[in-house]
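Asks: Compact mmCIF, C-alpha atoms, file upload21.txt:
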```txt
# COMPACT_ATOMS: atom_id res chain seq x y z
CA PRO A 1 13.56 27.26 -4.10
CA ASP A 2 14.88 29.74 -6.62
CA THR A 3 13.68 28.40 -9.97
CA SER A 4 16.17 30.58 -11.84
CA ILE A 5 19.07 28.39 -10.68
CA MET A 6 17.30 25.08 -11.24
CA GLU A 7 18.36 22.80 -14.09
CA THR A 8 15.93 22.62 -17.02
CA ILE A 9 14.84 19.48 -18.85
CA THR A 10 13.39 20.04 -22.33
CA LEU A 11 10.91 17.60 -23.85
CA LYS A 12 10.70 16.39 -27.43
CA PRO A 13 7.94 17.96 -29.58
CA ARG A 14 4.38 16.85 -28.68
CA LYS A 15 5.54 15.01 -25.55
CA GLU A 16 3.86 17.43 -23.15
CA GLU A 17 0.24 16.19 -23.57
CA SER A 18 0.21 13.90 -20.53
CA ILE A 19 1.76 16.61 -18.34
CA LEU A 20 -0.89 19.11 -19.46
CA ARG A 21 -3.40 16.49 -18.24
CA HIS A 22 -1.52 16.56 -14.89
CA HIS A 23 0.11 13.13 -15.07
CA HIS A 24 3.02 13.22 -12.60
CA TRP A 25 5.57 11.17 -14.54
CA VAL A 26 7.97 12.27 -17.27
CA PHE A 27 9.43 9.24 -19.03
CA SER A 28 13.06 9.26 -20.18
CA GLY A 29 12.00 8.63 -23.80
CA ALA A 30 10.13 11.95 -23.87
CA ILE A 31 13.23 14.02 -23.04
CA ALA A 32 15.10 15.85 -25.80
CA ASN A 33 18.19 16.66 -23.78
CA LEU A 34 19.61 16.30 -20.27
CA PRO A 35 21.99 18.89 -18.80
CA ASP A 36 25.49 17.43 -18.33
CA ASP A 37 25.78 18.30 -14.66
CA ILE A 38 22.30 17.17 -13.55
CA GLU A 39 22.29 15.10 -10.35
CA GLU A 40 19.90 12.41 -9.24
CA GLY A 41 17.23 13.66 -6.86
CA GLU A 42 17.58 17.35 -7.67
CA LEU A 43 14.63 19.63 -8.32
CA VAL A 44 14.31 20.51 -12.03
CA ASN A 45 12.08 22.55 -14.30
CA VAL A 46 10.41 20.68 -17.17
CA VAL A 47 9.72 22.68 -20.31
CA ALA A 48 7.99 21.89 -23.61
CA SER A 49 9.87 22.02 -26.92
CA ASP A 50 8.46 25.54 -27.49
CA GLY A 51 9.86 26.77 -24.15
CA ARG A 52 6.65 26.70 -22.07
CA VAL A 53 7.34 25.79 -18.43
CA LEU A 54 5.22 22.72 -17.66
CA GLY A 55 6.15 22.09 -14.03
CA ALA A 56 8.83 21.23 -11.49
CA GLY A 57 9.81 17.89 -10.00
CA HIS A 58 12.51 15.50 -8.84
CA PHE A 59 14.89 14.05 -11.44
CA GLN A 60 16.04 10.45 -11.26
CA ILE A 61 17.82 7.94 -13.49
CA GLY A 62 15.48 5.33 -14.97
CA SER A 63 12.43 5.04 -17.18
CA ILE A 64 10.53 7.51 -14.96
CA ALA A 65 12.97 10.42 -15.25
CA VAL A 66 11.00 13.13 -13.43
CA ARG A 67 8.23 12.92 -10.83
CA LEU A 68 6.39 16.24 -10.97
CA LEU A 69 5.51 17.95 -7.68
CA GLN A 70 3.87 20.97 -9.27
CA PHE A 71 2.36 21.89 -12.63
CA GLY A 72 2.59 25.22 -14.40
CA ASP A 73 5.24 27.93 -14.32
CA SER A 74 4.92 29.23 -10.75
CA PRO A 75 7.87 28.41 -8.45
CA LEU A 76 7.60 25.75 -5.76
CA PRO A 77 6.76 27.56 -2.50
CA ASP A 78 9.20 27.32 0.42
CA ASP A 79 6.50 25.77 2.63
CA PHE A 80 5.50 23.24 -0.08
CA PHE A 81 5.73 20.15 2.17
CA ARG A 82 3.87 21.79 5.04
CA MET A 83 1.02 22.78 2.70
CA ARG A 84 0.78 19.35 1.09
CA LEU A 85 0.93 17.46 4.41
CA GLU A 86 -1.71 19.70 6.00
CA SER A 87 -3.96 19.16 2.98
CA ALA A 88 -3.47 15.37 3.29
CA PHE A 89 -4.24 15.51 7.03
CA ARG A 90 -7.44 17.52 6.41
CA LEU A 91 -8.62 14.83 3.99
CA ARG A 92 -8.08 12.07 6.62
CA LYS A 93 -10.08 14.12 9.13
CA THR A 94 -12.86 14.49 6.55
CA LEU A 95 -12.80 10.69 6.09
CA GLY A 96 -13.41 10.24 9.82
CA LEU A 97 -10.22 8.22 10.34
CA ILE A 98 -8.87 10.23 13.26
CA ARG A 99 -10.87 9.24 16.32
CA PRO A 100 -10.34 7.56 19.73
CA ASP A 101 -10.92 4.02 18.38
CA ASN A 102 -8.73 4.51 15.27
CA ASN A 103 -5.27 6.05 15.22
CA CYS A 104 -3.60 4.30 12.28
CA PHE A 105 -4.07 5.38 8.68
CA ARG A 106 -2.15 6.39 5.56
CA LEU A 107 -1.39 10.10 5.57
CA VAL A 108 0.39 10.30 2.19
CA HIS A 109 -0.21 7.97 -0.76
CA GLY A 110 2.30 9.24 -3.32
CA GLU A 111 0.71 10.75 -6.42
CA GLY A 112 -2.75 10.40 -4.83
CA ASP A 113 -1.72 13.15 -2.41
CA PHE A 114 0.30 15.07 -5.03
CA LEU A 115 3.58 13.94 -3.40
CA PRO A 116 4.96 11.42 -5.91
CA GLY A 117 7.65 9.16 -4.47
CA LEU A 118 6.45 9.54 -0.86
CA VAL A 119 4.42 7.25 1.42
CA ILE A 120 3.63 8.07 5.07
CA ASP A 121 1.65 5.87 7.45
CA ILE A 122 0.60 7.04 10.91
CA TYR A 123 0.52 4.74 13.95
CA GLY A 124 -0.61 6.74 16.99
CA ASP A 125 2.01 9.46 17.51
CA THR A 126 4.58 7.86 15.16
CA ALA A 127 4.82 8.60 11.44
CA VAL A 128 6.60 6.00 9.29
CA VAL A 129 8.04 7.67 6.19
CA GLN A 130 9.02 5.81 3.02
CA ALA A 131 10.80 7.44 0.09
CA HIS A 132 10.42 5.78 -3.31
CA SER A 133 12.52 8.37 -5.15
CA PRO A 134 15.96 9.92 -4.51
CA GLY A 135 14.34 13.38 -4.46
CA MET A 136 12.11 12.48 -1.52
CA HIS A 137 15.10 10.84 0.21
CA PHE A 138 16.98 14.15 0.10
CA GLU A 139 13.90 16.00 1.44
CA ARG A 140 13.40 13.60 4.37
CA LEU A 141 14.45 16.01 7.15
CA LYS A 142 12.23 18.77 5.78
CA ILE A 143 9.31 16.30 5.61
CA ALA A 144 9.94 15.07 9.18
CA ASP A 145 10.04 18.63 10.44
CA ALA A 146 6.76 19.51 8.68
CA LEU A 147 5.08 16.39 10.13
CA THR A 148 5.85 17.32 13.74
CA GLN A 149 4.76 20.92 13.21
CA MET A 150 1.16 20.04 12.29
CA PRO A 151 -0.64 20.96 15.54
CA ASP A 152 -3.67 18.65 15.18
CA ALA A 153 -1.65 15.60 14.13
CA ARG A 154 0.32 15.37 17.40
CA ILE A 155 3.14 13.40 15.76
CA ARG A 156 6.12 13.03 18.11
CA ASN A 157 8.24 10.39 16.37
CA VAL A 158 9.21 10.12 12.72
CA TYR A 159 10.76 6.84 11.60
CA TYR A 160 12.42 6.68 8.19
CA LYS A 161 12.14 3.30 6.47
CA SER A 162 13.43 3.38 2.91
CA GLU A 163 16.19 0.76 2.77
CA THR A 164 14.13 -1.47 0.47
CA THR A 165 12.07 1.14 -1.44
CA LEU A 166 14.68 3.39 -3.04
CA PRO A 167 16.17 2.47 -6.43
CA TYR A 168 19.37 0.55 -5.65
CA LYS A 169 21.13 2.06 -8.69
CA ALA A 170 21.03 5.46 -6.99
CA GLN A 171 23.56 4.18 -4.40
CA LEU A 172 22.03 6.29 -1.64
CA ASP A 173 22.60 3.79 1.19
CA PRO A 174 19.57 4.91 3.22
CA GLN A 175 19.55 3.89 6.89
CA ASN A 176 16.27 2.94 8.57
CA ASP A 177 16.19 5.11 11.69
CA TYR A 178 14.34 7.75 13.67
CA LEU A 179 14.64 11.21 12.11
CA ILE A 180 12.82 12.74 15.07
CA GLY A 181 11.98 11.19 18.44
CA HIS A 182 12.48 7.57 19.40
CA PHE A 183 10.69 4.25 19.97
CA ASP A 184 8.10 4.67 22.72
CA GLY A 185 5.69 1.78 22.14
CA ASN A 186 4.23 0.26 19.01
CA ILE A 187 0.58 -0.57 19.72
CA ALA A 188 -1.87 1.13 17.38
CA THR A 189 -5.68 0.99 17.31
CA GLU A 190 -7.75 0.18 14.23
CA ASN A 191 -11.54 0.23 14.52
CA GLY A 192 -11.27 -0.51 18.26
CA LEU A 193 -8.88 -3.45 17.83
CA ARG A 194 -5.26 -3.23 18.99
CA PHE A 195 -2.23 -4.29 16.95
CA ASN A 196 1.50 -4.59 17.56
CA ILE A 197 3.06 -2.75 14.61
CA ASP A 198 6.58 -3.82 13.66
CA TRP A 199 7.83 -0.84 11.65
CA LEU A 200 11.43 -1.65 12.59
CA ARG A 201 11.62 -5.07 10.91
CA GLY A 202 8.22 -5.68 9.32
CA GLN A 203 7.16 -5.42 5.67
CA LYS A 204 6.04 -2.12 4.13
CA THR A 205 5.59 0.30 7.06
CA GLY A 206 4.82 -2.56 9.47
CA PHE A 207 1.11 -3.13 8.84
CA PHE A 208 -1.16 -3.28 5.81
CA VAL A 209 -3.41 -0.29 6.54
CA ASP A 210 -4.90 -0.64 3.04
CA GLN A 211 -7.04 -3.62 4.14
CA ARG A 212 -8.78 -1.81 7.04
CA GLU A 213 -12.24 -1.57 5.42
CA ASN A 214 -11.99 -5.04 3.90
CA ARG A 215 -11.15 -6.46 7.34
CA ALA A 216 -14.24 -4.72 8.75
CA LEU A 217 -16.36 -6.29 5.97
CA LEU A 218 -14.93 -9.73 6.73
CA GLU A 219 -15.95 -9.32 10.39
CA LYS A 220 -19.60 -9.20 9.27
CA TYR A 221 -19.27 -12.59 7.55
CA ALA A 222 -17.35 -14.37 10.31
CA CYS A 223 -20.11 -15.25 12.78
CA GLY A 224 -20.47 -19.04 13.17
CA ARG A 225 -17.90 -19.83 10.49
CA ASN A 226 -14.62 -21.73 10.38
CA VAL A 227 -12.10 -19.22 9.04
CA LEU A 228 -8.83 -19.76 7.19
CA ASN A 229 -6.56 -16.71 6.82
CA MET A 230 -3.86 -17.46 4.25
CA PHE A 231 -0.70 -15.30 4.04
CA CYS A 232 -1.82 -13.87 7.38
CA TYR A 233 1.25 -11.64 7.96
CA THR A 234 0.38 -9.99 11.31
CA GLY A 235 -3.11 -11.52 11.55
CA GLY A 236 -5.26 -8.50 10.77
CA PHE A 237 -8.10 -10.47 9.15
CA SER A 238 -7.85 -13.12 11.90
CA VAL A 239 -8.36 -10.58 14.71
CA TYR A 240 -11.45 -9.14 12.98
CA ALA A 241 -12.83 -12.66 12.37
CA MET A 242 -12.45 -13.43 16.08
CA ARG A 243 -14.40 -10.31 17.04
CA GLY A 244 -17.00 -11.20 14.43
CA GLY A 245 -17.82 -14.44 16.27
CA ALA A 246 -15.96 -17.06 14.22
CA LEU A 247 -16.13 -20.62 15.56
CA LYS A 248 -12.43 -21.12 14.83
CA VAL A 249 -9.70 -19.23 13.02
CA ASP A 250 -6.55 -20.73 11.49
CA SER A 251 -3.81 -18.30 10.40
CA VAL A 252 -1.18 -19.47 7.89
CA ASP A 253 2.10 -17.80 6.89
CA SER A 254 5.40 -19.26 5.72
CA SER A 255 7.22 -16.82 8.02
CA ALA A 256 7.61 -17.95 11.64
CA LYS A 257 8.10 -14.28 12.59
CA ALA A 258 4.75 -13.37 11.03
CA ALA A 259 3.06 -16.28 12.83
CA ALA A 260 4.50 -15.06 16.15
CA LEU A 261 3.21 -11.52 15.47
CA THR A 262 -0.22 -12.93 14.65
CA ASP A 263 -0.25 -14.82 17.96
CA ALA A 264 0.75 -11.63 19.79
CA ASN A 265 -2.08 -9.66 18.15
CA ILE A 266 -4.66 -12.33 18.96
CA GLU A 267 -3.41 -12.42 22.57
CA LEU A 268 -3.60 -8.60 22.75
CA ASN A 269 -7.31 -8.62 21.83
CA PHE A 270 -8.51 -12.10 22.90
CA PRO A 271 -6.19 -13.36 25.67
CA GLY A 272 -6.29 -17.13 26.14
CA ASP A 273 -8.99 -17.64 23.48
CA PRO A 274 -8.80 -21.27 22.26
CA ARG A 275 -10.51 -20.59 18.91
CA HIS A 276 -7.29 -19.46 17.20
CA ALA A 277 -4.25 -21.38 15.90
CA THR A 278 -1.29 -20.33 13.74
CA HIS A 279 0.59 -22.47 11.22
CA ALA A 280 4.05 -21.40 9.99
CA VAL A 281 3.99 -23.39 6.74
CA ASP A 282 3.93 -22.74 2.98
CA ALA A 283 0.48 -21.59 1.89
CA PHE A 284 0.24 -23.79 -1.20
CA LYS A 285 1.34 -26.84 0.82
CA PHE A 286 -1.26 -26.11 3.53
CA LEU A 287 -4.04 -25.72 0.94
CA ALA A 288 -3.03 -28.92 -0.84
CA GLU A 289 -3.00 -31.00 2.34
CA MET A 290 -6.04 -29.62 4.17
CA PRO A 291 -9.29 -31.65 4.05
CA LYS A 292 -12.22 -30.53 1.92
CA ASP A 293 -15.06 -28.64 3.64
CA ALA A 294 -12.90 -27.75 6.66
CA TYR A 295 -13.50 -24.02 6.16
CA ASP A 296 -16.47 -21.94 5.02
CA LEU A 297 -14.68 -18.56 5.08
CA ILE A 298 -11.27 -18.27 3.41
CA ILE A 299 -9.06 -15.19 2.94
CA LEU A 300 -6.42 -15.19 0.18
CA ASP A 301 -4.29 -12.05 0.52
CA PRO A 302 -0.93 -13.05 -0.98
CA PRO A 303 2.08 -10.79 -1.51
CA ALA A 304 2.33 -9.32 -5.02
CA PHE A 305 2.82 -12.27 -7.40
CA ALA A 306 3.85 -9.82 -10.15
CA LYS A 307 5.83 -6.79 -9.05
CA HIS A 308 6.99 -5.97 -12.58
CA ARG A 309 5.52 -6.39 -16.06
CA SER A 310 8.10 -9.11 -16.82
CA ALA A 311 6.55 -11.29 -14.07
CA LEU A 312 2.95 -10.71 -15.19
CA LYS A 313 2.35 -14.04 -16.94
CA ASN A 314 3.69 -16.13 -14.06
CA GLY A 315 1.86 -13.92 -11.57
CA LEU A 316 -1.50 -14.54 -13.23
CA ILE A 317 -0.80 -18.30 -13.24
CA GLY A 318 -0.08 -18.02 -9.51
CA TYR A 319 -3.40 -16.27 -8.81
CA ARG A 320 -5.26 -18.86 -10.88
CA LYS A 321 -3.65 -21.82 -9.09
CA LEU A 322 -4.18 -20.34 -5.63
CA ASN A 323 -7.86 -19.57 -6.21
CA SER A 324 -8.42 -22.90 -7.94
CA LYS A 325 -7.23 -24.73 -4.83
CA ALA A 326 -9.48 -22.61 -2.58
CA PHE A 327 -12.53 -23.30 -4.80
CA GLU A 328 -11.72 -26.99 -4.65
CA LYS A 329 -11.53 -27.07 -0.83
CA ILE A 330 -14.06 -24.51 0.46
CA LYS A 331 -17.31 -25.80 1.95
CA SER A 332 -20.54 -25.32 0.01
CA GLY A 333 -22.11 -22.03 1.07
CA GLY A 334 -18.65 -20.72 1.85
CA VAL A 335 -17.38 -17.18 1.32
CA LEU A 336 -14.00 -16.45 -0.30
CA PHE A 337 -12.19 -13.11 0.09
CA THR A 338 -9.50 -13.02 -2.61
CA PHE A 339 -7.06 -10.17 -3.37
CA SER A 340 -4.27 -8.99 -5.64
CA CYS A 341 -1.99 -6.11 -4.64
CA SER A 342 0.10 -6.30 -7.85
CA GLN A 343 0.01 -2.92 -9.57
CA VAL A 344 0.70 -4.43 -13.02
CA VAL A 345 -2.26 -6.83 -12.66
CA THR A 346 -5.36 -4.91 -13.76
CA ARG A 347 -8.79 -5.44 -12.27
CA GLU A 348 -9.84 -7.25 -15.48
CA MET A 349 -6.78 -9.55 -15.47
CA PHE A 350 -7.36 -10.50 -11.83
CA ARG A 351 -11.05 -11.20 -12.41
CA LEU A 352 -10.20 -13.35 -15.41
CA ALA A 353 -7.68 -15.39 -13.39
CA VAL A 354 -10.26 -15.95 -10.62
CA PHE A 355 -13.08 -16.67 -13.11
CA THR A 356 -10.88 -19.23 -14.89
CA ALA A 357 -10.18 -20.90 -11.55
CA ALA A 358 -13.91 -20.94 -10.77
CA ALA A 359 -14.76 -22.47 -14.17
CA GLN A 360 -12.12 -25.17 -13.74
CA SER A 361 -13.48 -26.06 -10.30
CA GLY A 362 -17.01 -26.62 -11.61
CA ARG A 363 -18.45 -24.76 -8.59
CA LYS A 364 -21.27 -22.19 -8.76
CA VAL A 365 -19.62 -18.88 -7.83
CA ARG A 366 -21.25 -15.48 -7.36
CA ILE A 367 -19.66 -12.08 -6.75
CA LEU A 368 -20.93 -10.41 -3.56
CA HIS A 369 -18.50 -7.48 -3.41
CA GLN A 370 -15.79 -5.93 -5.57
CA LEU A 371 -13.17 -4.41 -3.30
CA THR A 372 -10.41 -1.82 -3.66
CA GLN A 373 -8.08 0.27 -1.54
CA PRO A 374 -9.64 2.61 1.05
CA ALA A 375 -10.06 6.36 0.76
CA ASP A 376 -6.82 7.16 2.62
CA HIS A 377 -5.07 5.57 -0.41
CA PRO A 378 -6.60 8.02 -2.93
CA VAL A 379 -5.99 7.78 -6.66
CA ASP A 380 -5.23 11.02 -8.49
CA ILE A 381 -7.73 11.08 -11.36
CA SER A 382 -4.87 11.86 -13.80
CA HIS A 383 -2.73 9.01 -12.44
CA PRO A 384 -4.65 5.69 -12.67
CA GLU A 385 -1.43 3.78 -11.86
CA GLY A 386 -2.08 4.68 -8.20
CA GLU A 387 -4.85 2.07 -8.04
CA TYR A 388 -3.29 -1.25 -7.08
CA LEU A 389 -5.48 -3.24 -4.64
CA LYS A 390 -8.17 -5.44 -6.15
CA GLY A 391 -10.43 -7.82 -4.29
CA LEU A 392 -13.47 -10.01 -4.78
CA VAL A 393 -15.83 -11.48 -2.20
CA LEU A 394 -17.33 -14.65 -3.65
CA TYR A 395 -20.12 -16.98 -2.57
CA VAL A 396 -19.32 -20.57 -3.48
CA GLU A 397 -21.93 -23.35 -3.77
```
Please, can you express the file's structure as structure tokens?
Replies:
Amino acid sequence: PDTSIMETITLKPRKEESILRHHHWVFSGAIANLPDDIEEGELVNVVASDGRVLGAGHFQIGSIAVRLLQFGDSPLPDDFFRMRLESAFRLRKTLGLIRPDNNCFRLVHGEGDFLPGLVIDIYGDTAVVQAHSPGMHFERLKIADALTQMPDARIRNVYYKSETTLPYKAQLDPQNDYLIGHFDGNIATENGLRFNIDWLRGQKTGFFVDQRENRALLEKYACGRNVLNMFCYTGGFSVYAMRGGALKVDSVDSSAKAAALTDANIELNFPGDPRHATHAVDAFKFLAEMPKDAYDLIILDPPAFAKHRSALKNGLIGYRKLNSKAFEKIKSGGVLFTFSCSQVVTREMFRLAVFTAAAQSGRKVRILHQLTQPADHPVDISHPEGEYLKGLVLYVE
């Protein structure tokens, strides 16, 4: 793009420090003036109060006013998306994620791959693209084109799924649909296990790829145990527990659709296996009514209890109550996998909520593992907000 015709946003004095440290966000409060004819989603130059060009990024209305794609005064290259996507793909190859027994992974994790406002998950030869900013929404065709042109990636279909992720105030009316290609099967392979991925109607991009390594860890603990998978969604942890040699696995989700998907994924990997049962009921109700000592391996992977800072207090109460009930019911010698995917809940806050629950239960609890998101969800060192998944593996006596 020709930077000479781009709009320029000037910052207030001394508001450039975070950008010089390569933080991708420019907050609206740091801006001295906005051009009258600026449009949401357009590419803009950001300059310091003394006229220095700090970088270029997408403008949007809201507290995060600009998401920077590039730092410094050089113009954004025409093949920007191709370069960034190829760099992201090289990293996933380095991580060993692209192999015959694994063809689903996150290719782009927003700021962690220097593409703020963009998430791309790969399922076999289909890429599911999610825009979280108007700027990325307007670039969607360019991104889809760049995805299919990467020779090693062999992506044939690009599905755009941003109806629920774009700011509603932008009034963009995005349609979930194929940008390139079409539906030609939805079974993906993760660590040798097969999963039906519902990117058309499912949550996020259809599957929680961020729990891949934590599912593999759970498999090692499953042998000879009675397993309870709460908030099971599509049954990822349940499938791994079955392969790990669990005696029985119960999967619980309030959504009947999720329970049906879990059954389908169990059937795909363990046809006719009597060890598994699903329960389409409220998680808190199930925990309250289940007998003590019924399970010695429990997974708590709830949806984000606090999506925004305003919900933080209630979210932490929710985590405390949920874990408290699990501590009360789990068998002595049991193992609890407990998670928070709320970005506003810090690692320390989550630990405190779980520790409080442990103290209230009177049980002896030890930390075996402290878990986070996998390496295909990288965190840019200048952008700690990219770290969102927190987990603890606890041994309960």
Asks: Around range 290-306 of chain A, fit a box with edges along x, y and z, padding it by 3 Å on each side, then list its centre and edge lengths in Å to one decimal as JSON.
Replies:
```
{"center_x": -6.3, "center_y": -20.5, "center_z": -1.7, "size_x": 26.3, "size_y": 28.3, "size_z": 22.8}
```
Asks: Excluding Ile64 in chain A and residues on its chain fewer than 2 positions from it, collect all residues at most 12 Å away from it, counting all atoms listed in the file, and give them as a count of residues only.
Replies: 23
Asks: Do you know which residues are at most 12 Å from Gly333 in chain A counting only C-alpha atoms, after dropping those on the same chain fewer than 6 positions away, and could you put them as a list in words?
Replies: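 The contact residues come out as Tyr221, Arg225, Asn226, Asp293, Tyr295, Asp296, Leu297, Ile298, Phe327, Arg363, Lys364, Val365, Arg366, Leu394, Tyr395, Val396 and Glu397 of chain A.
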Asks: Mind giving me the straight-line distance from CA of Leu20 in chain A to CA of Thr346 in chain A in Å, one decimal?
Replies: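 Interatomic distance, CA of Leu20 in chain A to CA of Thr346 in chain A: 25.1 Å.
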Asks: Can you work out which one of A:Ala326, A:Thr94, A:Leu69, A:Lys313 has the shortest atom-to-atom distance to Glu111 in chain A, counting all atoms listed in the file?
Replies: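 Result for the nearest residue to Glu111 in chain A: A:Leu69.
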Asks: Quick one, how far is CA of Asp177 in chain A from CA of Tyr159 in chain A?
Replies: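 If I compute the distance from CA of Asp177 in chain A to CA of Tyr159 in chain A, I get 5.7 Å.
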Asks: Write out as a ChimeraX atom specification the residues lying within 12 Å of Lys204 in chain A, counting all atoms listed in the file and excluding same-chain residues fewer than 4 positions away.
Replies: /A:106,119-121,128-132,160-165,197-200,208-210,233,303
Asks: Output C-alpha atoms for every residue in that selection, as a CSV table (one decimal), keeping the file's coordinate frame.
Replies:
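Listing of part.csv after writing:
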```csv
chain,number,residue,atom,x,y,z
A,106,ARG,CA,-2.2,6.4,5.6
A,119,VAL,CA,4.4,7.2,1.4
A,120,ILE,CA,3.6,8.1,5.1
A,121,ASP,CA,1.6,5.9,7.4
A,128,VAL,CA,6.6,6.0,9.3
A,129,VAL,CA,8.0,7.7,6.2
A,130,GLN,CA,9.0,5.8,3.0
A,131,ALA,CA,10.8,7.4,0.1
A,132,HIS,CA,10.4,5.8,-3.3
A,160,TYR,CA,12.4,6.7,8.2
A,161,LYS,CA,12.1,3.3,6.5
A,162,SER,CA,13.4,3.4,2.9
A,163,GLU,CA,16.2,0.8,2.8
A,164,THR,CA,14.1,-1.5,0.5
A,165,THR,CA,12.1,1.1,-1.4
A,197,ILE,CA,3.1,-2.8,14.6
A,198,ASP,CA,6.6,-3.8,13.7
A,199,TRP,CA,7.8,-0.8,11.6
A,200,LEU,CA,11.4,-1.6,12.6
A,208,PHE,CA,-1.2,-3.3,5.8
A,209,VAL,CA,-3.4,-0.3,6.5
A,210,ASP,CA,-4.9,-0.6,3.0
A,233,TYR,CA,1.2,-11.6,8.0
A,303,PRO,CA,2.1,-10.8,-1.5
```
